[in-house]
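Colleague: Below is protein-v3.cif; it holds mmCIF, C-alpha atoms.
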data_work
loop_
_atom_site.label_atom_id
_atom_site.label_comp_id
_atom_site.auth_asym_id
_atom_site.auth_seq_id
_atom_site.Cartn_x
_atom_site.Cartn_y
_atom_site.Cartn_z
CA MET S 1 0.00 0.00 0.00
CA LEU S 2 1.11 3.55 -0.77
CA THR S 3 -0.06 6.60 1.17
CA LEU S 4 0.75 10.28 0.51
CA ASP S 5 0.10 12.78 3.27
CA LYS S 6 0.23 16.43 2.17
CA LEU S 7 3.34 15.70 0.08
CA THR S 8 4.94 18.99 -0.98
CA LYS S 9 7.96 20.06 -3.03
CA HIS S 10 9.21 23.59 -3.68
CA PHE S 11 12.12 24.54 -5.89
CA LYS S 12 12.91 27.99 -4.49
CA ALA S 13 9.92 30.10 -5.61
CA VAL S 14 8.36 27.31 -7.71
CA LYS S 15 5.72 25.27 -5.87
CA ALA S 16 5.95 22.10 -7.92
CA VAL S 17 3.80 19.88 -5.67
CA ARG S 18 1.35 21.30 -3.15
CA GLU S 19 0.11 19.16 -0.26
CA VAL S 20 -0.87 16.17 -2.38
CA SER S 21 -2.65 13.40 -0.48
CA PHE S 22 -3.98 10.10 -1.80
CA SER S 23 -3.57 6.37 -1.18
CA VAL S 24 -3.29 3.32 -3.41
CA THR S 25 -3.97 -0.19 -2.15
CA GLY S 26 -2.45 -3.47 -3.21
CA GLY S 27 -4.07 -4.84 -6.33
CA GLU S 28 -4.95 -1.37 -7.62
CA ILE S 29 -3.71 0.72 -10.54
CA TYR S 30 -3.91 4.44 -9.83
CA GLY S 31 -3.67 6.83 -12.78
CA LEU S 32 -1.89 10.12 -12.17
CA LEU S 33 -2.77 12.66 -14.85
CA GLY S 34 -1.75 16.24 -15.52
CA ALA S 35 -0.39 18.53 -18.20
CA ASN S 36 3.37 18.97 -18.58
CA GLY S 37 4.66 20.75 -15.48
CA ALA S 38 1.73 19.73 -13.30
CA GLY S 39 3.97 17.94 -10.80
CA LYS S 40 3.54 14.29 -11.80
CA THR S 41 7.20 13.40 -12.25
CA THR S 42 8.24 15.40 -9.19
CA THR S 43 5.71 13.45 -7.14
CA LEU S 44 7.02 10.11 -8.43
CA ARG S 45 10.63 11.15 -7.80
CA MET S 46 9.78 11.93 -4.18
CA LEU S 47 8.04 8.58 -3.76
CA ALA S 48 11.16 6.87 -5.11
CA THR S 49 13.32 8.86 -2.60
CA MET S 50 15.14 10.64 -5.44
CA LEU S 51 13.92 14.00 -4.11
CA THR S 52 13.39 15.03 -0.51
CA PRO S 53 9.97 16.54 0.16
CA THR S 54 9.73 20.15 1.33
CA GLY S 55 6.75 19.18 3.45
CA GLY S 56 4.46 16.30 4.20
CA THR S 57 5.49 12.68 3.80
CA ALA S 58 4.53 9.34 2.28
CA SER S 59 4.70 5.72 3.35
CA VAL S 60 5.10 2.40 1.57
CA GLU S 61 3.65 -0.58 3.43
CA GLY S 62 3.76 1.54 6.57
CA VAL S 63 7.42 2.53 6.10
CA ASP S 64 7.86 6.30 6.30
CA LEU S 65 9.58 7.97 3.34
CA LEU S 66 11.50 10.45 5.49
CA LYS S 67 12.39 8.21 8.42
CA GLN S 68 13.48 5.09 6.53
CA PRO S 69 14.20 6.00 2.88
CA GLU S 70 16.46 2.98 2.31
CA LYS S 71 13.62 0.60 3.26
CA VAL S 72 11.25 2.49 0.97
CA ARG S 73 13.70 2.16 -1.94
CA ALA S 74 13.76 -1.61 -1.48
CA ARG S 75 9.98 -1.70 -1.86
CA VAL S 76 9.66 0.60 -4.89
CA GLY S 77 10.33 0.19 -8.60
CA LEU S 78 10.48 3.28 -10.83
CA LEU S 79 10.51 3.74 -14.59
CA PHE S 80 10.77 7.02 -16.50
CA GLY S 81 9.66 6.57 -20.09
CA GLY S 82 11.81 9.30 -21.57
CA ASP S 83 15.11 8.11 -20.08
CA THR S 84 15.95 4.40 -20.05
CA GLY S 85 19.23 4.91 -18.19
CA LEU S 86 20.71 1.71 -19.61
CA TYR S 87 24.47 1.11 -19.75
CA ASP S 88 25.21 0.94 -23.48
CA ARG S 89 28.31 -1.24 -23.08
CA LEU S 90 26.37 -3.92 -21.21
CA THR S 91 23.99 -6.39 -22.80
CA ALA S 92 20.29 -6.32 -22.01
CA ARG S 93 20.80 -9.32 -19.73
CA GLU S 94 23.75 -7.69 -17.96
CA ASN S 95 21.80 -4.48 -17.38
CA ILE S 96 18.95 -6.37 -15.72
CA VAL S 97 21.18 -8.69 -13.70
CA TYR S 98 23.39 -5.83 -12.54
CA PHE S 99 20.43 -3.92 -11.14
CA ALA S 100 19.05 -7.07 -9.50
CA ARG S 101 22.42 -7.63 -7.82
CA LEU S 102 22.41 -4.02 -6.58
CA CYS S 103 19.06 -4.79 -4.97
CA GLY S 104 20.57 -7.78 -3.15
CA LYS S 105 19.42 -10.62 -5.40
CA PRO S 106 21.75 -13.66 -5.68
CA GLU S 107 23.43 -14.14 -9.06
CA GLU S 108 21.44 -17.19 -10.14
CA GLU S 109 18.11 -15.69 -9.03
CA ALA S 110 18.95 -12.47 -10.88
CA ARG S 111 19.66 -14.39 -14.10
CA LEU S 112 16.47 -16.40 -13.87
CA ARG S 113 14.49 -13.24 -13.21
CA ALA S 114 16.04 -11.55 -16.27
CA GLU S 115 14.96 -14.44 -18.47
CA GLU S 116 11.48 -14.47 -16.95
CA LEU S 117 10.97 -10.77 -17.67
CA ALA S 118 12.44 -11.07 -21.17
CA ARG S 119 9.81 -13.69 -21.95
CA ALA S 120 7.05 -11.54 -20.47
CA PHE S 121 8.05 -8.54 -22.61
CA ALA S 122 9.03 -10.56 -25.70
CA PHE S 123 12.68 -9.58 -26.04
CA THR S 124 14.36 -12.94 -25.28
CA GLU S 125 16.20 -12.91 -28.61
CA TYR S 126 17.84 -9.60 -27.71
CA LEU S 127 19.02 -10.53 -24.20
CA ASP S 128 22.64 -10.77 -25.26
CA PHE S 129 22.66 -7.69 -27.50
CA HIS S 130 24.52 -4.66 -26.20
CA ALA S 131 22.07 -1.96 -25.16
CA LYS S 132 23.46 0.54 -27.66
CA LYS S 133 22.40 -1.79 -30.51
CA LEU S 134 18.80 -2.17 -29.37
CA SER S 135 15.87 -0.33 -30.91
CA LYS S 136 14.17 2.38 -28.89
CA GLY S 137 11.23 0.13 -28.15
CA THR S 138 13.39 -2.79 -26.99
CA ARG S 139 15.48 -0.46 -24.83
CA GLN S 140 12.27 0.69 -23.20
CA LYS S 141 11.21 -2.89 -22.48
CA VAL S 142 14.63 -3.70 -21.00
CA ALA S 143 14.40 -0.58 -18.82
CA LEU S 144 10.95 -1.65 -17.65
CA ALA S 145 12.23 -5.13 -16.79
CA ARG S 146 15.17 -3.65 -14.92
CA SER S 147 12.92 -1.35 -12.89
CA ILE S 148 10.90 -4.27 -11.46
CA VAL S 149 13.53 -7.02 -11.42
CA HIS S 150 13.66 -6.92 -7.59
CA ASP S 151 9.89 -7.63 -7.46
CA PRO S 152 8.89 -4.46 -5.57
CA SER S 153 5.51 -4.16 -3.89
CA VAL S 154 4.97 -0.63 -5.27
CA MET S 155 5.61 0.20 -8.93
CA LEU S 156 5.79 3.74 -10.29
CA PHE S 157 5.49 4.03 -14.07
CA ASP S 158 6.01 7.44 -15.72
CA GLU S 159 5.16 7.19 -19.45
CA PRO S 160 6.15 3.49 -19.67
CA MET S 161 4.78 3.09 -23.21
CA VAL S 162 7.12 5.65 -24.82
CA GLY S 163 8.71 4.21 -27.97
CA LEU S 164 6.67 1.01 -27.97
CA ASP S 165 4.73 -0.28 -30.96
CA VAL S 166 1.16 -1.55 -30.66
CA THR S 167 2.18 -5.15 -29.91
CA SER S 168 4.73 -4.12 -27.29
CA ARG S 169 2.24 -1.79 -25.61
CA LYS S 170 -0.17 -4.73 -25.37
CA ASP S 171 2.58 -6.84 -23.76
CA VAL S 172 3.17 -4.14 -21.14
CA GLU S 173 -0.55 -3.58 -20.50
CA ASP S 174 -1.09 -7.31 -20.03
CA PHE S 175 1.85 -7.48 -17.66
CA MET S 176 0.46 -4.62 -15.56
CA VAL S 177 -2.88 -6.40 -15.32
CA ASP S 178 -1.01 -9.51 -14.16
CA LEU S 179 0.90 -7.47 -11.55
CA LYS S 180 -2.39 -6.05 -10.30
CA ALA S 181 -3.78 -9.57 -9.97
CA LYS S 182 -0.74 -10.45 -7.85
CA GLY S 183 -1.56 -7.63 -5.45
CA LYS S 184 1.03 -5.09 -6.53
CA THR S 185 0.43 -1.38 -5.93
CA ILE S 186 0.82 0.55 -9.20
CA VAL S 187 0.89 4.26 -10.01
CA LEU S 188 0.70 4.95 -13.75
CA SER S 189 1.31 8.36 -15.27
CA ASP S 190 0.62 8.41 -18.99
CA HIS S 191 -0.52 11.06 -21.46
CA ASN S 192 -2.46 8.43 -23.39
CA LEU S 193 -5.92 8.76 -21.85
CA ASN S 194 -7.17 5.60 -23.54
CA ILE S 195 -4.53 3.56 -21.71
CA THR S 196 -5.47 5.27 -18.45
CA GLU S 197 -9.15 4.47 -18.99
CA ARG S 198 -8.42 0.81 -19.75
CA LEU S 199 -6.00 0.11 -16.92
CA CYS S 200 -6.72 2.38 -13.98
CA ASP S 201 -9.13 1.66 -11.15
CA ARG S 202 -8.98 5.26 -9.89
CA ILE S 203 -7.55 8.45 -11.35
CA GLY S 204 -6.05 11.55 -9.76
CA ILE S 205 -5.67 14.78 -11.74
CA LEU S 206 -2.91 17.25 -10.90
CA HIS S 207 -3.05 20.90 -11.90
CA LYS S 208 -0.27 23.32 -10.99
CA GLY S 209 0.94 20.96 -8.30
CA GLU S 210 -2.44 20.41 -6.66
CA LEU S 211 -4.63 17.33 -6.75
CA VAL S 212 -7.82 18.85 -8.14
CA ALA S 213 -9.86 15.68 -8.63
CA GLU S 214 -9.80 12.01 -7.75
CA GLY S 215 -12.08 9.03 -8.25
CA THR S 216 -13.13 6.24 -10.57
CA LEU S 217 -13.80 7.13 -14.19
CA ASP S 218 -17.55 6.99 -13.58
CA GLU S 219 -17.24 9.20 -10.49
CA LEU S 220 -15.17 11.79 -12.34
CA ARG S 221 -17.59 11.92 -15.26
CA GLU S 222 -20.61 12.24 -13.01
CA THR S 223 -19.09 14.81 -10.65
CA HIS S 224 -17.90 17.10 -13.44
CA GLY S 225 -20.71 16.51 -15.91
CA CYS S 226 -18.49 15.12 -18.66
CA ALA S 227 -18.91 12.40 -21.23
CA ASP S 228 -15.44 10.88 -20.98
CA LEU S 229 -12.00 11.20 -19.33
CA GLU S 230 -10.67 13.52 -22.04
CA GLU S 231 -13.45 16.01 -21.36
CA VAL S 232 -12.83 15.80 -17.60
CA PHE S 233 -9.11 16.32 -18.10
CA PHE S 234 -9.45 19.37 -20.31
CA LYS S 235 -12.06 20.87 -18.03
CA LEU S 236 -9.81 20.61 -14.98
CA ALA S 237 -6.22 20.64 -16.13
CA GLY S 238 -5.79 20.60 -19.87
CA ARG S 239 -5.24 24.26 -20.67
CA ASP S 240 -2.60 25.68 -18.35
CA THR S 241 0.80 24.39 -17.36
CA GLU S 242 3.27 25.53 -14.78
#
Can I see the file as C-alpha cells?
Modeller:
Amino acid sequence: MLTLDKLTKHFKAVKAVREVSFSVTGGEIYGLLGANGAGKTTTLRMLATMLTPTGGTASVEGVDLLKQPEKVRARVGLLFGGDTGLYDRLTARENIVYFARLCGKPEEEARLRAEELARAFAFTEYLDFHAKKLSKGTRQKVALARSIVHDPSVMLFDEPMVGLDVTSRKDVEDFMVDLKAKGKTIVLSDHNLNITERLCDRIGILHKGELVAEGTLDELRETHGCADLEEVFFKLAGRDTE
C-alpha cells in the first residue's frame, strides 16, 4: 500500500507539488494525470526517494519515506519513459542482472528473473545484445524489466509506453494487469488517456501541483458533468501548465 500525506515540493519560488494526499492499495492501478509541469514526475521522484519533500510525507507498506528512505527504496520500482538509463556497453541481460544484484538478489536468481521478464516482454532474442544496438522500443522494455527485477511491492510508471509499438504496448498492458492480480500497488502516469481508462481503477488529476480531482472514471464523469475522461481532463487541467 502507498499513502501520501500532504506531500509537498518547492524549488525555491516554484511550488511544484502542493500538499498532495492520496492512497493506493495493493491490487490497484492508480492513474496520475496532468499537463506537462503539473507535478507528476516530481511526485514520483519523491516517492522513489530521489527527491526530498519540502513538506508532508509518504509511506510504503507503513514505512515512512523520510524516516526510513532505504527501506522504501527496497519496496519501490520506478521507470521514467523518456530516459531508459541503460548502460550501453552492457547487454540487455547484464543491465537487468546488474540492477538485481544491486538490490541484493543472488546471481542465479537475478539471471532467472532476467529471463522471466524477457519472456514476459518478448525480447528474449535480444538478451545478449549490447544496449546501444537495441531499438528504442526494446530499450524501453529492458528498462521496464530492470525497474521491477527486484519484485517491488509498489511500482511507479512514468510514461512506460514511450517508444513502444502496438504489440509491445499490449505486452506491457497485459503485464500490468497480471501485476495487479498479484496484489502489486501501481501508479501509472501516462498522457495516453485511452490507456489510463483501460487500466486504472482510480484516477487523480494534478493541476499546478495540486490534486484537483480524484475518483473512478464513472465518479469523475458524473461529478464534473463530462462524457469521458478527455473532457474531464481538459475541463480541470488541460489548458494551463506551470
Colleague: Just the residues within 9 Å of segment 206-215 of chain S, please, counting all atoms listed in the file, with nothing from its chain fewer than 5 positions along; format it as JSON, numbers by chain.
Modeller: {"S": [8, 9, 15, 16, 17, 18, 19, 20, 21, 22, 32, 33, 34, 35, 37, 38, 39, 40, 43, 201, 220, 236, 237, 238, 240, 241, 242]}
Colleague: From the set S:Gly27, S:Gly81, S:Gly163, S:Gly137, which residue has the shortest atom-to-atom contact distance to Asp190 of chain S, counting all atoms listed in the file?
Modeller: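 With all atoms listed in the file as the atom set, the closest residue is S:Gly81.
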Colleague: Have a look at atom CA of Phe129 of chain S and atom CA of Val76 of chain S and let me know their distance in Å, one decimal.
Modeller: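 Taking atom CA of Phe129 of chain S and atom CA of Val76 of chain S, their separation equals 27.4 Å.
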Colleague: Could you state which residues are captured by the PyMOL selection byres ((chain S and resi 113) around 10) in this file, as a list of chain:residue names?
Modeller: S:Arg93, S:Ile96, S:Val97, S:Ala100, S:Lys105, S:Glu107, S:Glu108, S:Glu109, S:Ala110, S:Arg111, S:Leu112, S:Ala114, S:Glu115, S:Glu116, S:Leu117, S:Ala118, S:Arg119, S:Ala145, S:Arg146, S:Ile148, S:Val149, S:His150, S:Asp151
Colleague: Taking C-alpha atoms for each residue, export the selection above as an mmCIF file, in the frame of the given file.
Modeller:
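Here's the written file part-v8.cif:
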data_model
loop_
_atom_site.group_PDB
_atom_site.id
_atom_site.type_symbol
_atom_site.label_atom_id
_atom_site.label_comp_id
_atom_site.auth_asym_id
_atom_site.auth_seq_id
_atom_site.Cartn_x
_atom_site.Cartn_y
_atom_site.Cartn_z
ATOM 1 C CA ARG S 93 20.800 -9.320 -19.730
ATOM 2 C CA ILE S 96 18.950 -6.370 -15.720
ATOM 3 C CA VAL S 97 21.180 -8.690 -13.700
ATOM 4 C CA ALA S 100 19.050 -7.070 -9.500
ATOM 5 C CA LYS S 105 19.420 -10.620 -5.400
ATOM 6 C CA GLU S 107 23.430 -14.140 -9.060
ATOM 7 C CA GLU S 108 21.440 -17.190 -10.140
ATOM 8 C CA GLU S 109 18.110 -15.690 -9.030
ATOM 9 C CA ALA S 110 18.950 -12.470 -10.880
ATOM 10 C CA ARG S 111 19.660 -14.390 -14.100
ATOM 11 C CA LEU S 112 16.470 -16.400 -13.870
ATOM 12 C CA ALA S 114 16.040 -11.550 -16.270
ATOM 13 C CA GLU S 115 14.960 -14.440 -18.470
ATOM 14 C CA GLU S 116 11.480 -14.470 -16.950
ATOM 15 C CA LEU S 117 10.970 -10.770 -17.670
ATOM 16 C CA ALA S 118 12.440 -11.070 -21.170
ATOM 17 C CA ARG S 119 9.810 -13.690 -21.950
ATOM 18 C CA ALA S 145 12.230 -5.130 -16.790
ATOM 19 C CA ARG S 146 15.170 -3.650 -14.920
ATOM 20 C CA ILE S 148 10.900 -4.270 -11.460
ATOM 21 C CA VAL S 149 13.530 -7.020 -11.420
ATOM 22 C CA HIS S 150 13.660 -6.920 -7.590
ATOM 23 C CA ASP S 151 9.890 -7.630 -7.460
#
Colleague: Please compute the atom CA of Val72 of chain S-atom CA of Arg202 of chain S distance, one decimal, in Å.
Modeller: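 Rounded to one decimal, the two atoms are 23.1 Å apart.
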Colleague: Which value, in Å to one decimal, gives the distance between atom CA of Val177 of chain S and atom CA of Ala120 of chain S?
Modeller: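 According to the coordinates, atom CA of Val177 of chain S and atom CA of Ala120 of chain S are separated by 12.3 Å.
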Colleague: Edge lengths and centre, in Å to one decimal, as lines of an AutoDock Vina configuration file: that's what I need for the box along x, y and z that holds all listed atoms of segment 95-111 of chain S plus 6 Å on each side.
Modeller:
center_x = 20.8
center_y = -10.6
center_z = -10.3
size_x = 17.3
size_y = 25.3
size_z = 26.2
Colleague: Any chance you could work out the residue set of the PyMOL selection byres ((chain S and resi 170) around 12) here, as number ranges by chain?
Modeller: S: 120-122, 141, 160-161, 164-169, 171-177, 195, 198-199
Colleague: Given the PyMOL selection byres ((chain S and resi 24) around 6) and the file above, list the residues it selects as a PyMOL selection string.
Modeller: chain S and resi 1-2+23+25
Colleague: Would you mind telling me which residue in S:Leu229, S:Val162, S:Val60, S:Leu51 lies nearest to Lys184 of chain S when using all atoms listed in the file?
Modeller: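 The closest residue to Lys184 of chain S is S:Val60.
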Colleague: Using only C-alpha atoms, pick whichever of S:Thr216, S:Thr138, S:Asn36, S:Thr54 has the shortest atom-to-atom distance to Ile203 of chain S.
Modeller: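 Result for the nearest residue to Ile203 of chain S: S:Thr216.
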Colleague: Nearest to Val154 of chain S among S:Ser59, S:Thr185, S:Ser135, S:Thr91, with distances taken over all atoms listed in the file: which residue is it?
Modeller: S:Thr185
Colleague: Which of these, S:Arg89, S:His191, S:Lys6, S:Lys180, has the shortest distance to Leu134 of chain S once you count all atoms listed in the file?
Modeller: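 With all atoms listed in the file as the atom set, the closest residue is S:Arg89.
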Colleague: Between S:Leu44, S:Ala58, S:Val63, S:Leu79, single out the one closest to Glu159 of chain S, counting only C-alpha atoms.
Modeller: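 Of the candidates, the smallest distance to Glu159 of chain S is held by S:Leu79.
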Colleague: Mind completing segment 57-68 of chain S with all heavy atoms? Output as a tab-separated table (two decimals), in the coordinates of the input, please?
Modeller:
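To be explicit, this is the file written out as part_15.tsv:
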chain	number	residue	atom	x	y	z
S	57	THR	N	4.74	13.93	3.89
S	57	THR	CA	5.49	12.68	3.80
S	57	THR	C	4.69	11.67	3.01
S	57	THR	O	3.61	11.97	2.48
S	57	THR	CB	5.84	12.13	5.19
S	57	THR	OG1	6.77	11.04	5.05
S	57	THR	CG2	4.60	11.66	5.92
S	58	ALA	N	5.23	10.45	2.92
S	58	ALA	CA	4.53	9.34	2.28
S	58	ALA	C	5.03	8.07	2.94
S	58	ALA	O	6.10	8.05	3.56
S	58	ALA	CB	4.78	9.31	0.78
S	59	SER	N	4.27	7.00	2.79
S	59	SER	CA	4.70	5.72	3.35
S	59	SER	C	4.40	4.60	2.36
S	59	SER	O	3.43	4.66	1.60
S	59	SER	CB	4.01	5.45	4.68
S	59	SER	OG	2.60	5.33	4.51
S	60	VAL	N	5.26	3.60	2.39
S	60	VAL	CA	5.10	2.40	1.57
S	60	VAL	C	5.02	1.21	2.52
S	60	VAL	O	5.97	0.94	3.26
S	60	VAL	CB	6.29	2.22	0.61
S	60	VAL	CG1	6.16	0.92	-0.16
S	60	VAL	CG2	6.36	3.39	-0.37
S	61	GLU	N	3.88	0.54	2.51
S	61	GLU	CA	3.65	-0.58	3.43
S	61	GLU	C	3.94	-0.17	4.87
S	61	GLU	O	4.52	-0.93	5.65
S	61	GLU	CB	4.50	-1.79	3.04
S	61	GLU	CG	4.14	-2.36	1.68
S	61	GLU	CD	4.93	-3.61	1.35
S	61	GLU	OE1	6.14	-3.64	1.62
S	61	GLU	OE2	4.33	-4.57	0.83
S	62	GLY	N	3.57	1.05	5.21
S	62	GLY	CA	3.76	1.54	6.57
S	62	GLY	C	5.14	2.09	6.88
S	62	GLY	O	5.37	2.59	7.98
S	63	VAL	N	6.06	2.03	5.91
S	63	VAL	CA	7.42	2.53	6.10
S	63	VAL	C	7.48	3.99	5.66
S	63	VAL	O	7.17	4.31	4.51
S	63	VAL	CB	8.45	1.70	5.31
S	63	VAL	CG1	9.86	2.25	5.52
S	63	VAL	CG2	8.39	0.24	5.72
S	64	ASP	N	7.87	4.88	6.57
S	64	ASP	CA	7.86	6.30	6.30
S	64	ASP	C	9.00	6.71	5.36
S	64	ASP	O	10.16	6.34	5.56
S	64	ASP	CB	7.97	7.09	7.61
S	64	ASP	CG	7.75	8.57	7.39
S	64	ASP	OD1	8.73	9.28	7.11
S	64	ASP	OD2	6.59	9.02	7.50
S	65	LEU	N	8.64	7.50	4.37
S	65	LEU	CA	9.58	7.97	3.34
S	65	LEU	C	10.75	8.76	3.93
S	65	LEU	O	11.89	8.61	3.50
S	65	LEU	CB	8.81	8.85	2.35
S	65	LEU	CG	9.57	9.45	1.18
S	65	LEU	CD1	9.79	8.41	0.13
S	65	LEU	CD2	8.77	10.62	0.59
S	66	LEU	N	10.48	9.59	4.91
S	66	LEU	CA	11.50	10.45	5.49
S	66	LEU	C	12.34	9.73	6.54
S	66	LEU	O	13.55	9.95	6.65
S	66	LEU	CB	10.86	11.70	6.10
S	66	LEU	CG	10.13	12.62	5.12
S	66	LEU	CD1	9.50	13.78	5.88
S	66	LEU	CD2	11.08	13.13	4.05
S	67	LYS	N	11.70	8.87	7.32
S	67	LYS	CA	12.39	8.21	8.42
S	67	LYS	C	13.22	7.01	7.99
S	67	LYS	O	14.28	6.74	8.56
S	67	LYS	CB	11.38	7.78	9.49
S	67	LYS	CG	10.65	8.94	10.14
S	67	LYS	CD	9.61	8.44	11.14
S	67	LYS	CE	8.87	9.60	11.80
S	67	LYS	NZ	7.81	9.12	12.73
S	68	GLN	N	12.77	6.29	6.97
S	68	GLN	CA	13.48	5.09	6.53
S	68	GLN	C	13.53	5.01	5.00
S	68	GLN	O	12.99	4.08	4.40
S	68	GLN	CB	12.81	3.84	7.12
S	68	GLN	CG	12.86	3.77	8.64
S	68	GLN	CD	12.16	2.54	9.18
S	68	GLN	OE1	10.95	2.38	9.00
S	68	GLN	NE2	12.91	1.65	9.81
